[in-house]
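Enquirer: Dropping in upload_14.txt, with compact mmCIF, C-alpha atoms.
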```txt
# COMPACT_ATOMS: atom_id res chain seq x y z
CA MET A 1 93.25 -10.82 -166.22
CA SER A 2 89.72 -9.73 -167.15
CA SER A 3 89.62 -6.51 -169.16
CA THR A 4 86.15 -5.05 -169.70
CA ILE A 5 84.16 -3.46 -166.91
CA ARG A 6 81.47 -6.12 -167.26
CA GLN A 7 84.05 -8.90 -166.95
CA ARG A 8 85.64 -7.27 -163.92
CA LEU A 9 82.26 -6.84 -162.20
CA ASN A 10 81.35 -10.44 -163.01
CA ASP A 11 84.65 -11.62 -161.54
CA ALA A 12 84.13 -9.53 -158.40
CA THR A 13 80.56 -10.82 -158.03
CA ALA A 14 81.78 -14.41 -158.32
CA GLY A 15 84.46 -13.83 -155.68
CA ARG A 16 87.41 -13.87 -158.08
CA PRO A 17 90.21 -11.31 -157.51
CA VAL A 18 90.08 -8.18 -159.65
CA GLU A 19 93.43 -6.50 -160.23
CA ARG A 20 91.86 -3.24 -161.42
CA PRO A 21 88.83 -2.40 -159.26
CA VAL A 22 85.74 -0.88 -160.86
CA PHE A 23 84.41 2.63 -160.29
CA ALA A 24 80.91 3.02 -161.72
CA VAL A 25 77.96 5.41 -161.83
CA TYR A 26 74.22 4.84 -161.60
CA ASP A 27 72.48 5.24 -164.94
CA TRP A 28 70.02 7.69 -163.33
CA PHE A 29 72.75 10.30 -163.07
CA VAL A 30 73.82 9.73 -166.67
CA LYS A 31 70.24 10.44 -167.75
CA ASN A 32 69.53 13.32 -165.37
CA ARG A 33 72.81 15.23 -165.04
CA PRO A 34 73.40 16.42 -168.62
CA HIS A 35 75.98 19.02 -167.58
CA VAL A 36 78.47 16.18 -166.99
CA ASP A 37 80.57 15.00 -169.94
CA TRP A 38 79.83 11.34 -169.32
CA GLN A 39 81.40 10.10 -172.53
CA SER A 40 84.77 11.52 -171.56
CA LEU A 41 84.53 9.79 -168.17
CA PHE A 42 83.55 6.48 -169.76
CA LYS A 43 86.61 6.75 -172.00
CA LEU A 44 88.73 7.15 -168.86
CA GLY A 45 87.32 3.89 -167.50
CA LEU A 46 84.19 4.83 -165.54
CA GLY A 47 81.66 2.00 -165.54
CA GLN A 48 77.89 2.19 -165.48
CA ILE A 49 75.33 0.41 -163.27
CA ASN A 50 72.07 0.32 -165.16
CA HIS A 51 68.71 -0.45 -163.59
CA ALA A 52 65.76 -2.02 -165.39
CA ASN A 53 62.30 -2.95 -164.20
CA VAL A 54 61.74 -6.69 -164.57
CA ILE A 55 58.08 -6.76 -163.56
CA ARG A 56 54.85 -5.36 -164.97
CA HIS A 57 51.55 -4.66 -163.22
CA GLU A 58 47.95 -4.89 -164.34
CA HIS A 59 45.81 -2.79 -162.03
CA PRO A 60 42.09 -2.87 -162.79
CA ASN A 61 41.02 -0.79 -159.78
CA PHE A 62 42.85 2.50 -160.20
CA GLU A 63 43.93 5.00 -162.80
CA LEU A 64 46.90 7.37 -162.56
CA ILE A 65 46.37 10.83 -164.05
CA GLU A 66 49.38 13.14 -164.34
CA THR A 67 49.48 16.82 -165.24
CA THR A 68 52.46 19.16 -165.45
CA ALA A 69 52.89 22.91 -165.39
CA GLN A 70 55.75 25.38 -165.13
CA LYS A 71 55.71 27.68 -162.11
CA ASP A 72 58.48 30.19 -161.41
CA GLY A 73 60.80 28.20 -163.65
CA VAL A 74 60.18 24.92 -161.79
CA LEU A 75 58.27 22.01 -163.27
CA ARG A 76 55.27 21.07 -161.13
CA ARG A 77 53.89 17.56 -161.60
CA ASP A 78 50.56 16.56 -160.07
CA VAL A 79 49.53 12.90 -159.80
CA ARG A 80 45.99 11.71 -159.05
CA LEU A 81 45.31 8.08 -158.15
CA VAL A 82 41.62 7.52 -158.91
CA THR A 83 39.52 4.59 -157.68
CA ASP A 84 35.79 3.92 -157.42
CA ARG A 85 36.01 4.68 -153.69
CA GLY A 86 37.82 7.97 -153.82
CA GLU A 87 41.10 9.41 -155.05
CA LEU A 88 44.52 10.32 -153.70
CA HIS A 89 46.80 13.18 -154.73
CA GLU A 90 50.53 13.94 -154.65
CA TRP A 91 52.67 16.57 -156.35
CA TYR A 92 56.31 17.29 -157.12
CA ALA A 93 58.43 20.39 -157.62
CA GLY A 94 61.11 19.26 -160.05
CA GLU A 95 62.47 15.97 -158.68
CA TRP A 96 61.16 16.48 -155.16
CA ARG A 97 57.82 15.30 -153.76
CA GLN A 98 55.92 18.03 -151.90
CA GLU A 99 52.74 16.16 -150.93
CA TYR A 100 52.06 12.48 -150.29
CA PHE A 101 49.17 10.25 -151.38
CA ILE A 102 48.20 9.14 -147.86
CA LYS A 103 47.24 11.73 -145.23
CA THR A 104 44.41 10.13 -143.25
CA PRO A 105 43.24 6.64 -142.17
CA GLU A 106 40.63 6.79 -144.93
CA ASP A 107 43.41 7.25 -147.48
CA TYR A 108 44.91 3.90 -146.46
CA LYS A 109 41.54 2.33 -147.34
CA ILE A 110 41.51 4.02 -150.75
CA MET A 111 45.02 2.72 -151.46
CA ALA A 112 43.98 -0.76 -150.34
CA ARG A 113 41.11 -0.65 -152.81
CA ALA A 114 43.50 0.48 -155.55
CA LEU A 115 45.68 -2.59 -154.97
CA GLU A 116 42.84 -5.11 -155.04
CA GLY A 117 42.99 -7.40 -158.06
CA LEU A 118 46.56 -6.35 -158.88
CA GLN A 119 48.34 -8.84 -161.13
CA VAL A 120 52.13 -9.04 -161.43
CA HIS A 121 54.00 -10.36 -164.48
CA THR A 122 57.63 -10.94 -165.40
CA ASP A 123 58.77 -8.53 -168.10
CA ASN A 124 62.31 -8.75 -169.55
CA ALA A 125 61.93 -6.08 -172.24
CA ALA A 126 63.57 -3.21 -170.33
CA PHE A 127 66.33 -5.48 -169.02
CA GLU A 128 67.21 -6.78 -172.48
CA ALA A 129 67.27 -3.26 -173.93
CA SER A 130 69.51 -2.07 -171.09
CA GLU A 131 71.94 -4.94 -171.49
CA GLN A 132 72.27 -4.24 -175.18
CA LYS A 133 72.87 -0.55 -174.51
CA VAL A 134 75.42 -0.87 -171.70
CA GLY A 135 77.37 -3.65 -173.43
CA GLU A 136 80.76 -4.33 -171.87
CA GLY A 137 80.72 -0.95 -170.11
CA GLY A 138 78.78 -2.19 -167.08
CA ILE A 139 75.91 -4.37 -165.94
CA THR A 140 72.16 -4.11 -165.51
CA VAL A 141 70.51 -4.66 -162.14
CA GLY A 142 66.88 -5.74 -162.04
CA GLN A 143 64.42 -3.75 -159.97
CA MET A 144 60.80 -4.23 -158.90
CA ILE A 145 59.14 -0.87 -159.40
CA GLY A 146 55.42 -1.35 -159.18
CA ILE A 147 54.22 -0.90 -155.62
CA GLY A 148 56.00 2.38 -154.90
CA THR A 149 59.51 2.80 -156.21
CA GLY A 150 60.91 -0.67 -155.71
CA ARG A 151 61.17 -0.87 -151.93
CA THR A 152 59.67 -3.22 -149.36
CA PRO A 153 56.19 -2.06 -148.27
CA LEU A 154 57.17 -0.49 -144.94
CA MET A 155 59.69 1.69 -146.77
CA VAL A 156 57.21 2.48 -149.56
CA LEU A 157 54.83 3.86 -146.96
CA GLN A 158 57.56 5.82 -145.17
CA ILE A 159 59.25 7.32 -148.23
CA ASP A 160 56.79 7.22 -151.14
CA TRP A 161 53.18 7.33 -149.95
CA VAL A 162 52.89 8.72 -146.40
CA GLY A 163 56.00 10.75 -145.56
CA LEU A 164 58.20 10.40 -142.51
CA GLU A 165 56.24 12.60 -140.09
CA GLN A 166 52.80 11.02 -140.58
CA TRP A 167 54.33 7.56 -141.01
CA SER A 168 56.10 7.87 -137.65
CA LEU A 169 52.84 8.72 -135.87
CA ASP A 170 50.82 6.03 -137.64
CA ILE A 171 53.33 3.21 -137.15
CA ALA A 172 53.80 4.13 -133.47
CA MET A 173 50.02 3.94 -132.92
CA GLU A 174 49.67 0.95 -135.25
CA VAL A 175 46.77 2.61 -137.02
CA PRO A 176 44.56 -0.33 -138.08
CA GLU A 177 44.09 0.93 -141.64
CA MET A 178 47.86 1.22 -142.03
CA MET A 179 48.50 -2.26 -140.63
CA ALA A 180 45.89 -3.79 -142.94
CA LEU A 181 47.40 -2.10 -145.98
CA LEU A 182 50.89 -3.17 -144.95
CA GLU A 183 49.80 -6.81 -144.75
CA GLN A 184 48.18 -6.55 -148.18
CA MET A 185 51.29 -4.92 -149.66
CA ASN A 186 53.62 -7.55 -148.17
CA ALA A 187 51.69 -10.29 -149.96
CA LEU A 188 51.89 -8.34 -153.21
CA LYS A 189 55.62 -7.73 -152.73
CA LEU A 190 56.18 -11.47 -152.59
CA GLU A 191 54.32 -11.75 -155.90
CA GLU A 192 56.68 -9.14 -157.33
CA VAL A 193 59.67 -11.09 -156.01
CA ARG A 194 58.42 -14.30 -157.64
CA ALA A 195 58.04 -12.45 -160.94
CA ALA A 196 61.53 -10.94 -160.63
CA ALA A 197 62.97 -14.37 -159.79
CA ALA A 198 61.71 -15.61 -163.16
CA SER A 199 63.42 -12.77 -165.03
CA LYS A 200 66.76 -12.75 -166.84
CA ALA A 201 68.41 -10.44 -164.30
CA GLU A 202 71.05 -11.98 -162.03
CA HIS A 203 71.11 -8.99 -159.66
CA ILE A 204 67.88 -7.77 -158.05
CA LYS A 205 67.77 -4.56 -156.00
CA LEU A 206 65.49 -3.31 -153.25
CA TRP A 207 65.63 0.50 -153.11
CA GLU A 208 65.24 0.62 -149.33
CA ASN A 209 67.03 3.94 -148.66
CA LEU A 210 67.33 2.67 -145.12
CA SER A 211 68.63 4.63 -142.16
CA LEU A 212 67.89 3.64 -138.58
CA VAL A 213 67.49 7.31 -137.73
CA THR A 214 64.00 7.05 -139.19
CA MET A 215 62.82 3.81 -137.56
CA GLY A 216 65.24 2.23 -135.08
CA PRO A 217 66.20 -1.44 -134.72
CA HIS A 218 62.84 -2.53 -133.25
CA LEU A 219 60.75 -1.67 -136.30
CA TYR A 220 63.47 -3.05 -138.57
CA ARG A 221 63.29 -6.41 -136.78
CA GLN A 222 59.52 -6.38 -136.44
CA HIS A 223 58.60 -5.53 -140.03
CA LEU A 224 61.56 -5.84 -142.40
CA VAL A 225 63.49 -8.89 -141.21
CA PRO A 226 60.53 -11.32 -141.44
CA LEU A 227 59.77 -10.16 -144.99
CA TYR A 228 63.43 -10.41 -146.02
CA ARG A 229 63.42 -13.99 -144.71
CA GLU A 230 60.59 -14.76 -147.13
CA ILE A 231 62.09 -12.86 -150.07
CA ILE A 232 65.60 -14.27 -149.99
CA PRO A 233 64.78 -17.99 -150.41
CA ILE A 234 62.59 -17.18 -153.43
CA LEU A 235 65.45 -15.38 -155.15
CA ASN A 236 68.10 -17.87 -154.05
CA ALA A 237 66.12 -20.73 -155.56
CA HIS A 238 66.50 -19.02 -158.96
CA GLY A 239 70.18 -18.09 -158.56
CA LYS A 240 69.53 -14.38 -158.04
CA ARG A 241 71.67 -11.99 -156.01
CA LEU A 242 69.76 -9.54 -153.80
CA GLN A 243 71.13 -6.06 -153.19
CA VAL A 244 69.64 -3.72 -150.58
CA HIS A 245 70.15 0.02 -150.92
CA TYR A 246 71.31 0.87 -147.40
CA ASP A 247 72.87 4.33 -147.68
CA GLY A 248 72.25 5.57 -144.12
CA GLN A 249 72.98 4.62 -140.54
CA ILE A 250 72.85 0.85 -140.10
CA ARG A 251 75.29 0.02 -137.28
CA GLY A 252 72.43 -0.82 -134.91
CA VAL A 253 71.34 -3.74 -137.11
CA ALA A 254 74.76 -4.86 -138.32
CA GLU A 255 74.36 -8.29 -136.74
CA ASP A 256 70.89 -8.68 -138.26
CA ILE A 257 72.33 -7.84 -141.68
CA ALA A 258 75.07 -10.43 -141.16
CA SER A 259 72.44 -13.09 -140.50
CA LEU A 260 70.39 -12.25 -143.59
CA GLY A 261 71.23 -13.65 -147.01
CA PHE A 262 71.73 -10.38 -148.84
CA ASP A 263 74.33 -10.72 -151.56
CA GLY A 264 75.26 -7.05 -151.42
CA ILE A 265 74.91 -3.77 -149.52
CA ASP A 266 74.29 -1.08 -152.11
CA SER A 267 75.50 2.50 -151.71
CA LEU A 268 77.29 1.83 -148.42
CA THR A 269 78.23 5.33 -147.26
CA GLU A 270 80.51 6.39 -144.43
CA ALA A 271 79.84 9.33 -142.09
CA PRO A 272 78.16 11.75 -142.03
CA GLU A 273 75.31 10.01 -143.89
CA GLY A 274 76.24 6.56 -142.63
CA ASP A 275 77.73 5.38 -139.35
CA MET A 276 80.02 2.49 -140.35
CA THR A 277 83.40 2.60 -142.03
CA VAL A 278 84.15 0.28 -144.92
CA GLU A 279 86.68 -1.45 -142.67
CA GLU A 280 83.94 -2.15 -140.13
CA ALA A 281 81.51 -3.30 -142.81
CA ARG A 282 84.02 -5.75 -144.27
CA THR A 283 84.80 -7.12 -140.81
CA ARG A 284 81.10 -7.57 -139.98
CA TRP A 285 80.14 -8.89 -143.43
CA PRO A 286 83.16 -10.69 -144.89
CA ASP A 287 81.21 -12.36 -147.70
CA LYS A 288 78.81 -9.62 -148.78
CA PHE A 289 79.41 -7.52 -151.88
CA LEU A 290 80.12 -3.95 -150.79
CA TRP A 291 78.90 -1.34 -153.30
CA VAL A 292 80.69 1.66 -151.78
CA ASN A 293 79.76 5.30 -152.29
CA PRO A 294 82.94 7.30 -151.50
CA ASN A 295 81.09 10.61 -150.95
CA LEU A 296 83.23 12.61 -153.35
CA GLY A 297 81.38 15.86 -152.68
CA LEU A 298 82.96 16.12 -149.22
CA TYR A 299 86.53 16.66 -150.41
CA SER A 300 87.50 20.33 -150.27
CA ASN A 301 91.17 19.33 -150.46
CA LEU A 302 91.68 16.99 -153.41
CA ALA A 303 95.18 16.15 -152.21
CA THR A 304 93.60 13.88 -149.57
CA LEU A 305 91.33 12.04 -152.03
CA PRO A 306 93.79 9.44 -153.44
CA GLU A 307 94.82 8.28 -149.98
CA ASN A 308 91.21 7.83 -148.91
CA ILE A 309 90.27 6.00 -152.12
CA ARG A 310 93.16 3.61 -151.50
CA ARG A 311 91.89 3.12 -147.93
CA LEU A 312 88.34 2.40 -149.07
CA GLN A 313 89.36 -0.01 -151.80
CA THR A 314 91.90 -1.81 -149.64
CA ALA A 315 89.33 -2.23 -146.89
CA ALA A 316 86.65 -3.45 -149.31
CA GLY A 317 89.08 -5.92 -150.86
CA LYS A 318 90.12 -7.03 -154.34
CA THR A 319 86.91 -8.95 -154.81
CA ARG A 320 83.24 -8.60 -153.83
CA SER A 321 83.40 -4.80 -154.01
CA CYS A 322 82.92 -1.82 -156.30
CA LEU A 323 83.18 1.93 -155.76
CA MET A 324 80.28 3.90 -157.19
CA ILE A 325 78.61 7.27 -157.71
CA SER A 326 75.23 6.46 -156.21
CA GLU A 327 74.08 9.40 -154.10
CA ASP A 328 74.98 12.47 -156.16
CA VAL A 329 77.49 13.70 -158.71
CA PRO A 330 80.24 15.79 -157.08
CA PRO A 331 80.24 19.43 -158.21
CA ASP A 332 83.92 19.16 -159.14
CA TRP A 333 83.42 15.95 -161.13
CA GLU A 334 85.96 17.04 -163.75
CA GLN A 335 88.70 16.69 -161.13
CA THR A 336 87.43 14.09 -158.66
CA VAL A 337 86.16 11.33 -160.97
CA PRO A 338 89.33 11.13 -163.12
CA LEU A 339 91.43 11.23 -159.95
CA VAL A 340 89.55 8.26 -158.49
CA LEU A 341 89.98 6.30 -161.74
CA LYS A 342 93.69 7.11 -161.86
CA THR A 343 94.16 6.09 -158.22
CA LEU A 344 92.40 2.75 -158.71
CA ALA A 345 94.39 2.04 -161.89
CA GLU A 346 97.64 2.55 -159.98
CA MET A 347 96.70 0.25 -157.09
CA LYS A 348 98.46 -3.12 -157.00
```
What is this structure when it is put down as structure tokens?

Expert:
Amino acid sequence: MSSTIRQRLNDATAGRPVERPVFAVYDWFVKNRPHVDWQSLFKLGLGQINHANVIRHEHPNFELIETTAQKDGVLRRDVRLVTDRGELHEWYAGEWRQEYFIKTPEDYKIMARALEGLQVHTDNAAFEASEQKVGEGGITVGQMIGIGTGRTPLMVLQIDWVGLEQWSLDIAMEVPEMMALLEQMNALKLEEVRAAAASKAEHIKLWENLSLVTMGPHLYRQHLVPLYREIIPILNAHGKRLQVHYDGQIRGVAEDIASLGFDGIDSLTEAPEGDMTVEEARTRWPDKFLWVNPNLGLYSNLATLPENIRRLQTAAGKTRSCLMISEDVPPDWEQTVPLVLKTLAEMK
């Protein structure tokens, strides 16, 4: 029986049974939640899912200028994207974006100018450093952070550059400047995918943060499915496994997902954030890897947690699955995380 977390994840990925299922945490939380005693949790058997950028951009037509300042105890970060045809501005309060780059049709044109002449390269440096650091305690997943934060272009516009309210109006009216930028970005995304396919990473993730609440099945089928059908063969030809971060409501496109060649559904979350149970997901997608977020912050009565963890893991199966902390660290992590690890260790 495989012993290390890396070996167990590799076995699960390959479809081999894993007697002791893995429970792992995103590296982002390890870096950004210093109040948690991560080393004690790793000693108890918690694994780690690292993420490393496997592409690099050269962008001759824009410059990013960042400034920071403290205001009322909160770090404010301002970002200016400067081109020879104008500039765009966004700002953050702590981790949270307060203003988006694109606010008008003219802003779409400025962003299009910024992306002209963009060159994409494979870059394994971050991946190699991550693999060395995580060792046998987990794995590293490749990501394509360059155009936005590693999503497909429609989702970059919705989440990173425009914001849901303005995006909803612009996509409904098919604002010409938006449609032209989207076409340009789709072509560049395929360049990023080709670069990622040439990297050393076996797993590649798209940070979609998808929920049909924000777009509905029609836009999903109109804009995302055709691009996925171009992305997947590129990665498959190089033996890569594509994960999509679908942490919201996805029941309405469950059959579409079944027909697409995703290797895994990342951060699969039950209600209230999501709208499918793990049992339903496994029935609909018998061959896909289910990276399950058990939503530990919802448990006010810890006595019910072991039973539900057993349900989730049994439904996901002894292979092609992993439980994970991927949405947030539970406030009572000192109790919940060890309890999950103990429950999984006792499962036969």

Enquirer: Find the spatial neighbours of Leu181 of chain A, counting all atoms listed in the file, within a cut-off of 8 Å - ignore same-chain residues fewer than 3 positions away - and output them as an MDAnalysis selection string.

Expert: chainID A and resid 108:109 111:112 177:178 184:185

Enquirer: So that I can see what lies close to Leu224 of chain A, please list as a VMD selection string the residues with an atom at most 9 Å from it, counting only C-alpha atoms and leaving out residues fewer than 6 positions away in the same chain.

Expert: chain A and resid 152 to 155

Enquirer: Atoms to include: C-alpha atoms. Write the selected residues as an mmCIF file, keeping the file's coordinate frame.

Expert:
```cif
data_model
loop_
_atom_site.group_PDB
_atom_site.id
_atom_site.type_symbol
_atom_site.label_atom_id
_atom_site.label_comp_id
_atom_site.auth_asym_id
_atom_site.auth_seq_id
_atom_site.Cartn_x
_atom_site.Cartn_y
_atom_site.Cartn_z
ATOM 1 C CA THR A 152 59.670 -3.220 -149.360
ATOM 2 C CA PRO A 153 56.190 -2.060 -148.270
ATOM 3 C CA LEU A 154 57.170 -0.490 -144.940
ATOM 4 C CA MET A 155 59.690 1.690 -146.770
#
```

Enquirer: So that I can check the surroundings of Leu260 of chain A, please list as a PyMOL selection string every protein, DNA and RNA residue that reaches within 8 Å of it, counting all atoms listed in the file and ignoring chain neighbours fewer than 4 positions away.

Expert: chain A and resi 228-229+256

Enquirer: From the options A:Leu235, A:Ile49, A:Leu312, A:Val134, which residue's atoms come nearest to Ser199 of chain A, counting all atoms listed in the file?

Expert: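 For Ser199 of chain A, the nearest of the candidates is A:Leu235.
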
Enquirer: Report as a compact mmCIF listing (two decimals) with C-alpha atoms, in the frame of the given file all protein, DNA and RNA residues lying within 8 Å of segment 72-87 of chain A, evaluated on only C-alpha atoms, omitting residues in the same chain fewer than 6 positions from it.

Expert:
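Wrote result.txt, looks like this:
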```
# COMPACT_ATOMS: atom_id res chain seq x y z
CA ASN A 61 41.02 -0.79 -159.78
CA PHE A 62 42.85 2.50 -160.20
CA GLU A 63 43.93 5.00 -162.80
CA LEU A 64 46.90 7.37 -162.56
CA ILE A 65 46.37 10.83 -164.05
CA GLU A 66 49.38 13.14 -164.34
CA ALA A 93 58.43 20.39 -157.62
CA GLY A 94 61.11 19.26 -160.05
CA ILE A 110 41.51 4.02 -150.75
CA ARG A 113 41.11 -0.65 -152.81
CA ALA A 114 43.50 0.48 -155.55
```

Enquirer: Could you produce a table of the residues of segment 307-337 of chain A lying within 10 Å of segment 18-34 of chain A, with the nearest pair of atoms per residue and their separation in Å rounded to one decimal, using only C-alpha atoms, ordered by chain and increasing residue number, as JSON lines?

Expert:
```
{"residue": "A:Gln313", "atom": "CA", "partner": "A:Pro21", "partner_atom": "CA", "distance": 7.9}
{"residue": "A:Gly317", "atom": "CA", "partner": "A:Pro21", "partner_atom": "CA", "distance": 9.1}
{"residue": "A:Lys318", "atom": "CA", "partner": "A:Val18", "partner_atom": "CA", "distance": 5.4}
{"residue": "A:Thr319", "atom": "CA", "partner": "A:Val18", "partner_atom": "CA", "distance": 5.8}
{"residue": "A:Arg320", "atom": "CA", "partner": "A:Val18", "partner_atom": "CA", "distance": 9.0}
{"residue": "A:Ser321", "atom": "CA", "partner": "A:Pro21", "partner_atom": "CA", "distance": 7.9}
{"residue": "A:Cys322", "atom": "CA", "partner": "A:Val22", "partner_atom": "CA", "distance": 5.4}
{"residue": "A:Leu323", "atom": "CA", "partner": "A:Phe23", "partner_atom": "CA", "distance": 4.7}
{"residue": "A:Met324", "atom": "CA", "partner": "A:Ala24", "partner_atom": "CA", "distance": 4.7}
{"residue": "A:Ile325", "atom": "CA", "partner": "A:Val25", "partner_atom": "CA", "distance": 4.6}
{"residue": "A:Ser326", "atom": "CA", "partner": "A:Tyr26", "partner_atom": "CA", "distance": 5.7}
{"residue": "A:Glu327", "atom": "CA", "partner": "A:Tyr26", "partner_atom": "CA", "distance": 8.8}
{"residue": "A:Asp328", "atom": "CA", "partner": "A:Phe29", "partner_atom": "CA", "distance": 7.6}
{"residue": "A:Val329", "atom": "CA", "partner": "A:Phe29", "partner_atom": "CA", "distance": 7.3}
{"residue": "A:Val337", "atom": "CA", "partner": "A:Phe23", "partner_atom": "CA", "distance": 8.9}
```

Enquirer: What residues have an atom no more than 12 Å from (69.2, -7.0, -171.0) in the file's own frame, counting all atoms listed in the file, and can you write them as a list in words?

Expert: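 With a cut-off of 12 Å, the residues come to Asn50, His51, Ala52, Asn53, Val54, Asp123, Asn124, Ala125, Ala126, Phe127, Glu128, Ala129, Ser130, Glu131, Gln132, Lys133, Val134, Gly135, Glu136, Gly138, Ile139, Thr140, Val141, Gly142, Ser199, Lys200, Ala201, Glu202 and His203 of chain A.
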
Enquirer: Please indicate the distance in Å from atom CA of Ile102 of chain A to atom CA of Gly163 of chain A, rounded to one decimal place.

Expert: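 It comes out at 8.3 Å.
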
Enquirer: What does the structure give for the distance between atom CA of His35 of chain A and atom CA of Gln48 of chain A, in Å to one decimal?

Expert: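 Taking atom CA of His35 of chain A and atom CA of Gln48 of chain A, their separation equals 17.1 Å.
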
Enquirer: Between A:Ser40, A:Asn236, A:Thr13, A:Gln249, single out the one closest to Trp291 of chain A, counting all atoms listed in the file.

Expert: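 Of A:Ser40, A:Asn236, A:Thr13, A:Gln249, the one nearest Trp291 of chain A, counting all atoms listed in the file, is A:Thr13.
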
Enquirer: Would you please work out which residue, of A:Met179, A:Val292, A:Leu212, A:Ala14, is nearest to Asp275 of chain A when using all atoms listed in the file?

Expert: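 Ranking A:Met179, A:Val292, A:Leu212, A:Ala14 by distance to Asp275 of chain A, first place goes to A:Leu212.
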
Enquirer: Please return segment 311-316 of chain A, rebuilt to all heavy atoms, as a tab-separated table (two decimals), keeping the file's coordinate frame.

Expert:
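Output saved as part_19.tsv:
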```
chain	number	residue	atom	x	y	z
A	311	ARG	N	92.38	3.71	-149.18
A	311	ARG	CA	91.89	3.12	-147.93
A	311	ARG	C	90.58	2.37	-148.16
A	311	ARG	O	90.42	1.23	-147.72
A	311	ARG	CB	91.69	4.21	-146.88
A	311	ARG	CG	91.08	3.67	-145.57
A	311	ARG	CD	90.74	4.79	-144.60
A	311	ARG	NE	89.66	5.63	-145.08
A	311	ARG	CZ	88.36	5.35	-144.98
A	311	ARG	NH1	87.96	4.20	-144.43
A	311	ARG	NH2	87.45	6.19	-145.42
A	312	LEU	N	89.64	3.02	-148.84
A	312	LEU	CA	88.34	2.40	-149.07
A	312	LEU	C	88.47	1.11	-149.87
A	312	LEU	O	87.88	0.09	-149.51
A	312	LEU	CB	87.42	3.38	-149.81
A	312	LEU	CG	86.97	4.63	-149.05
A	312	LEU	CD1	86.18	5.55	-149.98
A	312	LEU	CD2	86.13	4.27	-147.84
A	313	GLN	N	89.25	1.16	-150.95
A	313	GLN	CA	89.36	-0.01	-151.80
A	313	GLN	C	90.12	-1.14	-151.12
A	313	GLN	O	89.75	-2.31	-151.24
A	313	GLN	CB	90.04	0.36	-153.12
A	313	GLN	CG	90.04	-0.76	-154.14
A	313	GLN	CD	88.64	-1.21	-154.50
A	313	GLN	OE1	87.86	-0.43	-155.04
A	313	GLN	NE2	88.29	-2.47	-154.20
A	314	THR	N	91.15	-0.79	-150.38
A	314	THR	CA	91.90	-1.81	-149.64
A	314	THR	C	91.02	-2.49	-148.60
A	314	THR	O	91.04	-3.71	-148.44
A	314	THR	CB	93.14	-1.20	-148.97
A	314	THR	OG1	93.98	-0.62	-149.98
A	314	THR	CG2	93.91	-2.24	-148.18
A	315	ALA	N	90.21	-1.67	-147.91
A	315	ALA	CA	89.33	-2.23	-146.89
A	315	ALA	C	88.25	-3.11	-147.51
A	315	ALA	O	87.91	-4.18	-146.98
A	315	ALA	CB	88.68	-1.10	-146.09
A	316	ALA	N	87.71	-2.68	-148.64
A	316	ALA	CA	86.65	-3.45	-149.31
A	316	ALA	C	87.19	-4.75	-149.88
A	316	ALA	O	86.49	-5.76	-149.91
A	316	ALA	CB	86.00	-2.61	-150.40
```
